[in-house]
file coords_3.txt (compact mmCIF, C-alpha atoms)
# COMPACT_ATOMS: atom_id res chain seq x y z
CA MET A 1 -15.23 -28.60 22.72
CA ARG A 2 -15.95 -32.33 22.83
CA LYS A 3 -14.48 -35.17 24.89
CA ILE A 4 -13.32 -38.05 22.70
CA GLY A 5 -11.75 -40.44 25.22
CA SER A 6 -9.08 -41.03 27.83
CA LEU A 7 -5.52 -42.34 28.11
CA GLU A 8 -3.76 -44.03 31.00
CA SER A 9 -0.64 -41.86 31.23
CA GLY A 10 0.42 -38.28 30.66
CA GLN A 11 3.18 -39.44 28.32
CA GLN A 12 0.69 -41.17 26.05
CA ALA A 13 -1.69 -38.20 26.21
CA ASN A 14 1.02 -35.73 25.22
CA MET A 15 2.23 -37.98 22.40
CA PHE A 16 -1.29 -38.33 21.03
CA ARG A 17 -1.92 -34.58 21.38
CA ASP A 18 1.30 -33.84 19.45
CA TYR A 19 0.42 -36.37 16.76
CA LEU A 20 -3.00 -34.77 16.20
CA LEU A 21 -1.41 -31.33 16.01
CA THR A 22 0.74 -32.54 13.10
CA LYS A 23 -2.55 -33.49 11.43
CA GLY A 24 -3.91 -29.99 11.91
CA ILE A 25 -6.17 -30.92 14.85
CA ASP A 26 -6.02 -28.89 18.07
CA VAL A 27 -6.82 -30.76 21.29
CA THR A 28 -6.23 -30.31 24.98
CA VAL A 29 -5.69 -32.93 27.68
CA GLU A 30 -6.85 -32.80 31.30
CA SER A 31 -5.53 -35.01 34.09
CA THR A 32 -7.71 -36.71 36.67
CA SER A 33 -6.79 -39.06 39.48
CA ASP A 34 -6.17 -42.10 37.27
CA GLN A 35 -6.41 -41.00 33.60
CA TRP A 36 -5.92 -38.24 31.05
CA THR A 37 -8.96 -36.98 29.16
CA VAL A 38 -8.67 -35.72 25.57
CA TRP A 39 -10.86 -32.82 24.41
CA VAL A 40 -11.20 -31.66 20.79
CA TYR A 41 -11.78 -27.96 20.12
CA ASP A 42 -13.38 -28.19 16.66
CA GLU A 43 -16.60 -30.19 16.25
CA ASP A 44 -15.64 -30.96 12.66
CA HIS A 45 -12.61 -32.92 13.90
CA VAL A 46 -14.40 -35.06 16.47
CA GLU A 47 -14.97 -38.17 14.35
CA GLN A 48 -11.49 -38.12 12.86
CA SER A 49 -9.99 -37.68 16.33
CA LYS A 50 -11.96 -40.63 17.71
CA SER A 51 -10.73 -42.80 14.86
CA GLU A 52 -7.14 -41.70 15.44
CA LEU A 53 -7.49 -42.40 19.17
CA ASP A 54 -8.74 -45.94 18.55
CA GLU A 55 -5.80 -46.59 16.26
CA PHE A 56 -3.36 -45.06 18.75
CA LEU A 57 -4.62 -47.25 21.60
CA LYS A 58 -4.08 -50.40 19.51
CA ASN A 59 -0.38 -49.64 18.98
CA THR A 60 1.09 -46.68 20.89
CA SER A 61 4.60 -47.61 19.78
CA ALA A 62 3.88 -47.47 16.05
CA GLU A 63 6.54 -45.76 13.96
CA LYS A 64 4.29 -42.89 12.87
CA TYR A 65 4.04 -41.68 16.47
CA GLN A 66 7.78 -41.45 16.92
CA GLY A 67 9.30 -37.99 16.67
CA VAL A 68 5.95 -36.19 16.59
CA SER A 69 6.89 -34.09 19.63
CA GLN A 70 9.56 -32.23 17.65
CA GLN A 71 7.21 -31.62 14.73
CA ALA A 72 4.50 -30.39 17.09
CA GLU A 73 6.90 -28.05 18.84
CA SER A 74 7.88 -26.50 15.51
CA ILE A 75 4.20 -25.98 14.68
CA ARG A 76 3.58 -24.31 18.06
CA GLU A 77 6.58 -22.01 17.59
CA GLU A 78 5.32 -21.00 14.16
CA LYS A 79 1.87 -20.23 15.58
CA ILE A 80 3.39 -18.13 18.36
CA LYS A 81 5.48 -16.27 15.79
CA LYS A 82 2.39 -15.46 13.70
CA VAL A 83 0.49 -14.25 16.77
CA ARG A 84 3.34 -11.92 17.68
CA GLU A 85 3.55 -10.62 14.10
CA ASN A 86 -0.17 -9.92 14.07
CA GLN A 87 0.08 -8.13 17.41
CA SER A 88 2.93 -5.98 16.09
CA ARG A 89 0.77 -4.97 13.10
CA GLN A 90 -2.21 -3.97 15.19
CA VAL A 91 -2.81 -0.25 15.40
CA ASP A 92 -4.92 1.63 17.89
CA VAL A 93 -7.28 3.31 15.43
CA ARG A 94 -8.49 5.87 17.97
CA GLU A 95 -4.93 6.93 18.74
CA THR A 96 -4.02 7.12 15.03
CA TRP A 97 -7.00 9.21 13.94
CA ASN A 98 -6.81 11.50 16.95
CA ARG A 99 -3.40 12.63 15.73
CA PRO A 100 -3.30 15.71 13.44
CA PHE A 101 -3.33 15.03 9.70
CA THR A 102 0.16 16.52 9.40
CA SER A 103 1.42 13.91 11.84
CA ARG A 104 -0.47 11.01 10.27
CA CYS A 105 0.36 11.94 6.66
CA PRO A 106 3.53 14.09 6.62
CA VAL A 107 4.35 13.57 2.92
CA THR A 108 0.85 14.53 1.79
CA SER A 109 0.93 17.55 4.10
CA LEU A 110 4.34 18.56 2.73
CA LEU A 111 3.14 18.36 -0.89
CA ILE A 112 0.18 20.59 -0.11
CA GLY A 113 2.15 22.94 2.13
CA ILE A 114 4.96 23.57 -0.35
CA SER A 115 2.46 24.11 -3.16
CA VAL A 116 0.55 26.69 -1.13
CA VAL A 117 3.71 28.55 -0.09
CA VAL A 118 5.00 28.62 -3.68
CA PHE A 119 1.62 29.85 -4.91
CA LEU A 120 1.62 32.69 -2.38
CA PHE A 121 5.14 33.74 -3.41
CA MET A 122 4.05 33.75 -7.03
CA GLN A 123 1.35 36.32 -6.27
CA SER A 124 4.11 38.93 -5.96
CA ASP A 125 5.38 40.36 -9.24
CA GLU A 126 8.83 40.71 -7.67
CA SER A 127 9.27 37.06 -6.78
CA LYS A 128 7.05 35.37 -9.39
CA THR A 129 9.75 35.14 -12.06
CA GLN A 130 12.41 34.09 -9.56
CA VAL A 131 10.24 31.29 -8.19
CA ARG A 132 9.39 29.98 -11.64
CA GLN A 133 13.02 30.13 -12.73
CA ALA A 134 14.09 28.20 -9.61
CA LEU A 135 11.43 25.48 -9.78
CA SER A 136 10.81 24.98 -13.51
CA ILE A 137 12.31 21.94 -15.18
CA CYS A 138 14.88 24.21 -16.82
CA SER A 139 15.83 27.88 -16.87
CA PHE A 140 14.36 29.94 -19.70
CA GLN A 141 14.26 33.43 -21.15
CA VAL A 142 11.12 35.33 -22.09
CA SER A 143 11.00 37.97 -24.82
CA GLY A 144 7.52 39.31 -25.45
CA ASN A 145 5.39 36.28 -26.28
CA MET A 146 8.40 34.14 -27.06
CA ILE A 147 10.19 31.80 -24.67
CA SER A 148 13.61 30.30 -25.31
CA TYR A 149 15.20 27.37 -23.49
CA ASP A 150 17.64 24.52 -23.98
CA LYS A 151 15.99 21.15 -24.66
CA ARG A 152 19.07 19.34 -23.42
CA LEU A 153 18.15 20.15 -19.79
CA VAL A 154 21.55 21.63 -19.10
CA ASP A 155 20.58 22.70 -15.57
CA VAL A 156 19.71 19.12 -14.63
CA ARG A 157 22.87 17.78 -16.24
CA GLU A 158 24.90 20.26 -14.20
CA GLY A 159 23.47 18.96 -10.91
CA GLU A 160 20.12 20.71 -10.41
CA VAL A 161 18.30 17.38 -10.42
CA TRP A 162 15.47 18.70 -8.24
CA ARG A 163 14.11 20.41 -11.36
CA LEU A 164 12.82 17.03 -12.55
CA VAL A 165 10.34 17.14 -9.63
CA THR A 166 9.80 20.73 -8.53
CA PRO A 167 7.45 21.81 -11.38
CA ILE A 168 4.72 19.96 -9.44
CA PHE A 169 4.72 22.81 -6.89
CA ILE A 170 4.00 25.56 -9.45
CA HIS A 171 0.33 26.55 -9.83
CA PHE A 172 -1.08 29.33 -11.96
CA SER A 173 -4.54 30.05 -10.54
CA ILE A 174 -6.59 29.64 -7.39
CA MET A 175 -8.78 26.96 -9.01
CA HIS A 176 -5.68 25.13 -10.21
CA ILE A 177 -4.15 24.83 -6.75
CA VAL A 178 -7.43 24.24 -4.89
CA PHE A 179 -8.41 21.31 -7.12
CA ASN A 180 -4.95 19.74 -6.96
CA CYS A 181 -4.64 20.17 -3.19
CA ILE A 182 -8.06 18.64 -2.54
CA MET A 183 -7.27 15.61 -4.70
CA THR A 184 -3.80 15.29 -3.15
CA TYR A 185 -5.37 15.38 0.31
CA GLN A 186 -7.83 12.63 -0.58
CA LEU A 187 -5.65 10.34 -2.67
CA GLY A 188 -2.29 10.99 -1.05
CA GLY A 189 -3.77 10.75 2.43
CA ALA A 190 -5.38 7.39 1.64
CA ILE A 191 -2.18 5.95 0.16
CA GLU A 192 0.03 7.26 2.96
CA ALA A 193 -2.28 5.94 5.67
CA ASN A 194 -2.46 2.56 3.93
CA ARG A 195 1.07 2.12 2.59
CA GLY A 196 3.20 4.49 4.66
CA SER A 197 5.08 7.72 4.00
CA GLY A 198 8.05 6.08 2.29
CA ARG A 199 5.98 4.35 -0.37
CA LEU A 200 3.92 7.45 -1.06
CA LEU A 201 7.10 9.51 -1.49
CA LEU A 202 8.48 6.91 -3.91
CA LEU A 203 5.20 6.91 -5.85
CA VAL A 204 5.29 10.71 -6.08
CA LEU A 205 8.83 10.66 -7.48
CA LEU A 206 8.09 7.83 -9.92
CA THR A 207 5.06 9.67 -11.31
CA ALA A 208 6.36 13.25 -11.13
CA ILE A 209 9.57 12.71 -13.10
CA PRO A 210 8.15 10.98 -16.21
CA SER A 211 5.09 13.23 -16.32
CA ASN A 212 7.26 16.37 -16.08
CA LEU A 213 9.67 15.11 -18.75
CA ALA A 214 6.82 14.17 -21.07
CA GLN A 215 5.20 17.59 -20.73
CA PHE A 216 8.54 19.39 -21.20
CA TYR A 217 9.39 17.61 -24.44
CA TRP A 218 5.83 18.15 -25.66
CA SER A 219 5.37 21.85 -24.91
CA GLY A 220 8.44 23.30 -23.20
CA PRO A 221 9.01 24.47 -19.60
CA SER A 222 5.87 26.62 -19.20
CA PHE A 223 3.89 24.13 -17.14
CA GLY A 224 3.40 23.13 -13.53
CA GLY A 225 1.07 21.62 -10.99
CA LEU A 226 0.41 18.52 -8.94
CA SER A 227 -2.07 17.12 -11.44
CA GLY A 228 0.38 14.67 -13.00
CA VAL A 229 1.08 13.24 -9.54
CA VAL A 230 -2.62 13.33 -8.69
CA TYR A 231 -3.40 11.22 -11.76
CA GLY A 232 -0.52 8.94 -10.82
CA MET A 233 -1.93 8.38 -7.33
CA PHE A 234 -5.40 7.89 -8.80
CA GLY A 235 -4.14 5.34 -11.34
CA TYR A 236 -2.26 3.44 -8.63
CA MET A 237 -5.26 3.27 -6.29
CA TRP A 238 -7.64 2.44 -9.14
CA MET A 239 -5.61 -0.59 -10.23
CA LYS A 240 -5.06 -1.72 -6.64
CA SER A 241 -8.78 -1.57 -5.93
CA LYS A 242 -9.52 -3.67 -9.03
CA PHE A 243 -6.80 -6.32 -8.83
CA ASP A 244 -5.71 -6.47 -5.18
CA PRO A 245 -8.67 -6.86 -2.77
CA GLN A 246 -6.26 -7.18 0.16
CA SER A 247 -4.96 -3.66 -0.46
CA TYR A 248 -8.15 -2.24 1.14
CA PHE A 249 -8.17 0.61 -1.39
CA PHE A 250 -11.55 1.76 -2.65
CA VAL A 251 -12.03 4.25 -5.47
CA PRO A 252 -15.64 5.47 -5.65
CA PRO A 253 -17.18 5.23 -9.13
CA ASN A 254 -17.96 8.96 -9.08
CA MET A 255 -14.25 9.74 -8.58
CA VAL A 256 -13.36 7.56 -11.56
CA PHE A 257 -16.02 9.34 -13.62
CA ILE A 258 -14.85 12.81 -12.58
CA LEU A 259 -11.12 12.27 -13.08
CA ILE A 260 -11.38 10.32 -16.33
CA GLY A 261 -14.00 12.74 -17.60
CA TRP A 262 -11.81 15.72 -16.71
CA PHE A 263 -8.84 14.01 -18.36
CA PHE A 264 -10.63 13.79 -21.70
CA LEU A 265 -12.27 17.22 -21.35
CA CYS A 266 -8.84 18.81 -20.91
CA MET A 267 -7.66 17.14 -24.10
CA THR A 268 -10.36 18.95 -26.09
CA GLY A 269 -8.82 22.34 -25.29
CA PHE A 270 -12.14 23.77 -24.05
CA VAL A 271 -10.70 24.50 -20.58
CA GLY A 272 -7.62 26.33 -21.85
CA PRO A 273 -3.96 25.31 -21.80
CA VAL A 274 -3.54 22.17 -19.68
CA ALA A 275 -0.57 19.85 -19.12
CA ASN A 276 -2.25 16.93 -20.88
CA MET A 277 0.95 14.96 -21.38
CA ALA A 278 1.68 15.21 -17.65
CA HIS A 279 -1.83 13.93 -16.93
CA GLY A 280 -1.44 11.05 -19.36
CA PHE A 281 2.01 9.94 -18.26
CA GLY A 282 1.12 10.34 -14.59
CA LEU A 283 -2.01 8.23 -15.02
CA GLY A 284 -0.23 5.58 -17.07
CA THR A 285 2.72 5.36 -14.69
CA GLY A 286 0.49 5.09 -11.63
CA MET A 287 -1.63 2.37 -13.24
CA ALA A 288 1.48 0.45 -14.30
CA ILE A 289 2.90 0.60 -10.77
CA GLY A 290 -0.42 -0.53 -9.28
CA VAL A 291 -0.71 -3.50 -11.64
CA ALA A 292 2.97 -4.48 -11.45
CA THR A 293 3.17 -4.45 -7.65
CA THR A 294 -0.06 -6.45 -7.42
CA PHE A 295 1.05 -9.22 -9.77
CA LEU A 296 4.56 -9.33 -8.32
CA LYS A 297 3.00 -9.80 -4.90
CA GLN A 298 0.73 -12.58 -6.18
CA ALA A 299 3.64 -14.26 -7.99
CA GLY A 300 5.64 -14.24 -4.76
CA LYS A 301 2.81 -15.92 -2.87
CA SER A 302 2.41 -18.64 -5.50
CA ARG A 303 6.00 -19.84 -5.15

call {"tool": "encode", "arguments": {"input": "coords_3.txt", "output": "structure tokens"}}
result
Amino acid sequence: MRKIGSLESGQQANMFRDYLLTKGIDVTVESTSDQWTVWVYDEDHVEQSKSELDEFLKNTSAEKYQGVSQQAESIREEKIKKVRENQSRQVDVRETWNRPFTSRCPVTSLLIGISVVVFLFMQSDESKTQVRQALSICSFQVSGNMISYDKRLVDVREGEVWRLVTPIFIHFSIMHIVFNCIMTYQLGGAIEANRGSGRLLLLVLLTAIPSNLAQFYWSGPSFGGLSGVVYGMFGYMWMKSKFDPQSYFFVPPNMVFILIGWFFLCMTGFVGPVANMAHGFGLGTGMAIGVATTFLKQAGKSR
């Protein structure tokens, strides 16, 4: 902080201080027995402030100094508002991360929890068929190796709209559910911690529904799993990390390699029957949402 000069009265000092504030220069004034001293906070503004002070002393009643108090007050109020907003956004990291994961990320925990419970029920021959009939995108009948169903999604049309989402909770093997739960924990937890539970839930719905519909119309109702949503979350985070640095998302290169590599490996058929259409539509939807929200945000800032 540097002293740039003095003024004879407090009224003049306050007027000059307010005028400099409208120019983006922060100063403070200190009173002594017979004068008011002006101090500049930023060294880069010292020379400009001295020049402005010389001009002010030559004509304190100039028109450009009139009404500066109101402008300065508005600037101060705006600064106070921003400080309060920043304070309201601050989070005690120790308090947040000391909370259980289920408390910090309830939607992610719910996705994993429901999937595990459904998988356990499906280990019983008595309840396996009932669970699949209740959660599949549509009801179906099995006769030997044949499966029959109505492509018009009559169940959904009659009000069972949850069927558009619930296939994500059906898993067919221990490796299937373990892989999907691990990726949901990592990706869903990161998104929920960064964007909040509401946005993660919306992302899950927006990726689950099109990926489930795509897989149904491609191969019928015999599919399930969180992988379509997992690829949706991955695609969203991937695009955010590339195009929105302020999102604070980071997708490690090895994760990109593994998920994209697995995506194409599944398409070869070497790993058995896989819901490839769900993977593709989930990935595409997540990427589209990530790109769209980023550019809409940037367009809003440029206005």

call {"tool": "atom_distance", "arguments": {"input": "coords_3.txt", "atom1": "CA of Ser227 in chain A", "atom2": "CA of Thr129 in chain A"}}
result
21.6 Å

call {"tool": "closest_atom_pairs", "arguments": {"input": "coords_3.txt", "of": "range 108-201 of chain A", "to": "range 236-258 of chain A", "cutoff": "10 Å", "atoms": "only C-alpha atoms", "output": "CSV"}}
result
residue,atom,partner,partner_atom,distance
A:Met183,CA,A:Met255,CA,9.9
A:Leu187,CA,A:Met237,CA,8.0
A:Gly188,CA,A:Met237,CA,9.8
A:Ala190,CA,A:Phe249,CA,7.9
A:Ile191,CA,A:Met237,CA,7.6
A:Asn194,CA,A:Tyr248,CA,7.9
A:Arg195,CA,A:Ser247,CA,8.9

call {"tool": "closest_residue", "arguments": {"input": "coords_3.txt", "among": "A:Val230, A:Val83, A:Ile4, A:Ile289", "to": "Asn180 in chain A", "atoms": "only C-alpha atoms"}}
result
A:Val230

call {"tool": "residues_around", "arguments": {"input": "coords_3.txt", "residues": "Lys151 in chain A", "least_positions_apart": "3", "cutoff": "12 Å", "atoms": "only C-alpha atoms", "output": "NGL selection string"}}
result
:A and (137-140 or 148 or 154-157 or 213 or 216-221)

call {"tool": "residues_around", "arguments": {"input": "coords_3.txt", "residues": "Thr28 in chain A", "least_positions_apart": "3", "cutoff": "9 Å", "atoms": "all atoms listed in the file", "output": "NGL selection string"}}
result
:A and (17 or 37-41)

call {"tool": "atom_distance", "arguments": {"input": "coords_3.txt", "atom1": "CA of His171 in chain A", "atom2": "CA of Ser115 in chain A"}}
result
7.4 Å

call {"tool": "atom_distance", "arguments": {"input": "coords_3.txt", "atom1": "CA of Gly113 in chain A", "atom2": "CA of Ala275 in chain A"}}
result
21.6 Å

call {"tool": "closest_residue", "arguments": {"input": "coords_3.txt", "among": "A:Ser33, A:Gln71, A:Ser197, A:Ser136", "to": "Cys105 in chain A", "atoms": "all atoms listed in the file"}}
result
A:Ser197

call {"tool": "closest_residue", "arguments": {"input": "coords_3.txt", "among": "A:Val46, A:Ile174, A:Leu153, A:Leu7", "to": "Lys58 in chain A", "atoms": "all atoms listed in the file"}}
result
A:Leu7

call {"tool": "axis_aligned_box", "arguments": {"input": "coords_3.txt", "around": "range 267-274 of chain A", "padding_each_side": "8 Å", "output": "AutoDock Vina command-line options"}}
result
--center_x -7.8 --center_y 21.7 --center_z -22.9 --size_x 24.6 --size_y 25.2 --size_z 22.4

call {"tool": "decode", "arguments": {"input": "coords_3.txt", "residues": "range 134-161 of chain A", "atoms": "N, CA and C atoms", "output": "CSV table (one decimal), in the first residue's frame"}}
result
chain,number,residue,atom,x,y,z
A,134,ALA,N,-41.2,-58.2,-13.5
A,134,ALA,CA,-41.6,-56.9,-12.9
A,134,ALA,C,-40.7,-55.7,-13.4
A,135,LEU,N,-39.4,-56.0,-13.7
A,135,LEU,CA,-38.5,-54.9,-14.0
A,135,LEU,C,-38.1,-54.8,-15.4
A,136,SER,N,-38.4,-55.8,-16.2
A,136,SER,CA,-38.0,-55.7,-17.7
A,136,SER,C,-38.8,-54.6,-18.3
A,137,ILE,N,-38.4,-54.2,-19.5
A,137,ILE,CA,-39.0,-53.1,-20.2
A,137,ILE,C,-40.5,-53.4,-20.6
A,138,CYS,N,-40.7,-54.7,-20.7
A,138,CYS,CA,-42.1,-55.2,-21.0
A,138,CYS,C,-42.3,-56.6,-20.5
A,139,SER,N,-43.5,-57.0,-20.3
A,139,SER,CA,-43.7,-58.4,-19.9
A,139,SER,C,-43.5,-59.3,-21.1
A,140,PHE,N,-43.2,-60.6,-20.9
A,140,PHE,CA,-42.9,-61.5,-22.0
A,140,PHE,C,-43.2,-62.9,-21.6
A,141,GLN,N,-43.3,-63.8,-22.5
A,141,GLN,CA,-43.5,-65.2,-22.3
A,141,GLN,C,-42.4,-66.0,-22.9
A,142,VAL,N,-42.0,-67.0,-22.2
A,142,VAL,CA,-40.9,-67.9,-22.6
A,142,VAL,C,-41.4,-69.3,-22.9
A,143,SER,N,-41.0,-69.8,-24.0
A,143,SER,CA,-41.4,-71.2,-24.4
A,143,SER,C,-40.2,-71.9,-25.0
A,144,GLY,N,-39.5,-72.7,-24.2
A,144,GLY,CA,-38.3,-73.3,-24.6
A,144,GLY,C,-37.2,-72.3,-24.8
A,145,ASN,N,-36.7,-72.2,-26.0
A,145,ASN,CA,-35.7,-71.2,-26.3
A,145,ASN,C,-36.3,-69.9,-27.0
A,146,MET,N,-37.6,-69.9,-27.1
A,146,MET,CA,-38.3,-68.8,-27.7
A,146,MET,C,-38.9,-67.8,-26.7
A,147,ILE,N,-38.9,-66.6,-27.0
A,147,ILE,CA,-39.5,-65.6,-26.2
A,147,ILE,C,-40.4,-64.7,-27.0
A,148,SER,N,-41.6,-64.5,-26.5
A,148,SER,CA,-42.6,-63.7,-27.2
A,148,SER,C,-43.0,-62.4,-26.4
A,149,TYR,N,-43.2,-61.3,-27.0
A,149,TYR,CA,-43.5,-60.1,-26.4
A,149,TYR,C,-44.1,-59.1,-27.4
A,150,ASP,N,-44.7,-58.1,-26.9
A,150,ASP,CA,-45.4,-57.1,-27.7
A,150,ASP,C,-44.4,-55.9,-27.9
A,151,LYS,N,-44.1,-55.6,-29.1
A,151,LYS,CA,-43.2,-54.5,-29.4
A,151,LYS,C,-43.8,-53.1,-29.2
A,152,ARG,N,-45.1,-53.1,-29.0
A,152,ARG,CA,-45.8,-51.8,-28.8
A,152,ARG,C,-45.6,-51.3,-27.3
A,153,LEU,N,-44.9,-52.0,-26.5
A,153,LEU,CA,-44.8,-51.6,-25.1
A,153,LEU,C,-46.1,-51.3,-24.4
A,154,VAL,N,-47.0,-52.3,-24.4
A,154,VAL,CA,-48.3,-52.1,-23.9
A,154,VAL,C,-48.3,-51.8,-22.4
A,155,ASP,N,-47.4,-52.5,-21.7
A,155,ASP,CA,-47.3,-52.3,-20.2
A,155,ASP,C,-47.0,-50.8,-19.9
A,156,VAL,N,-46.1,-50.2,-20.7
A,156,VAL,CA,-45.7,-48.8,-20.5
A,156,VAL,C,-46.9,-47.9,-20.8
A,157,ARG,N,-47.5,-48.2,-21.9
A,157,ARG,CA,-48.7,-47.4,-22.4
A,157,ARG,C,-49.8,-47.5,-21.4
A,158,GLU,N,-49.9,-48.6,-20.6
A,158,GLU,CA,-51.0,-48.7,-19.6
A,158,GLU,C,-50.6,-48.2,-18.3
A,159,GLY,N,-49.5,-47.5,-18.2
A,159,GLY,CA,-49.1,-46.8,-16.9
A,159,GLY,C,-47.9,-47.3,-16.2
A,160,GLU,N,-47.3,-48.4,-16.6
A,160,GLU,CA,-46.1,-48.9,-16.0
A,160,GLU,C,-44.9,-48.3,-16.5
A,161,VAL,N,-44.8,-47.0,-16.4
A,161,VAL,CA,-43.7,-46.2,-17.0
A,161,VAL,C,-42.4,-46.5,-16.4
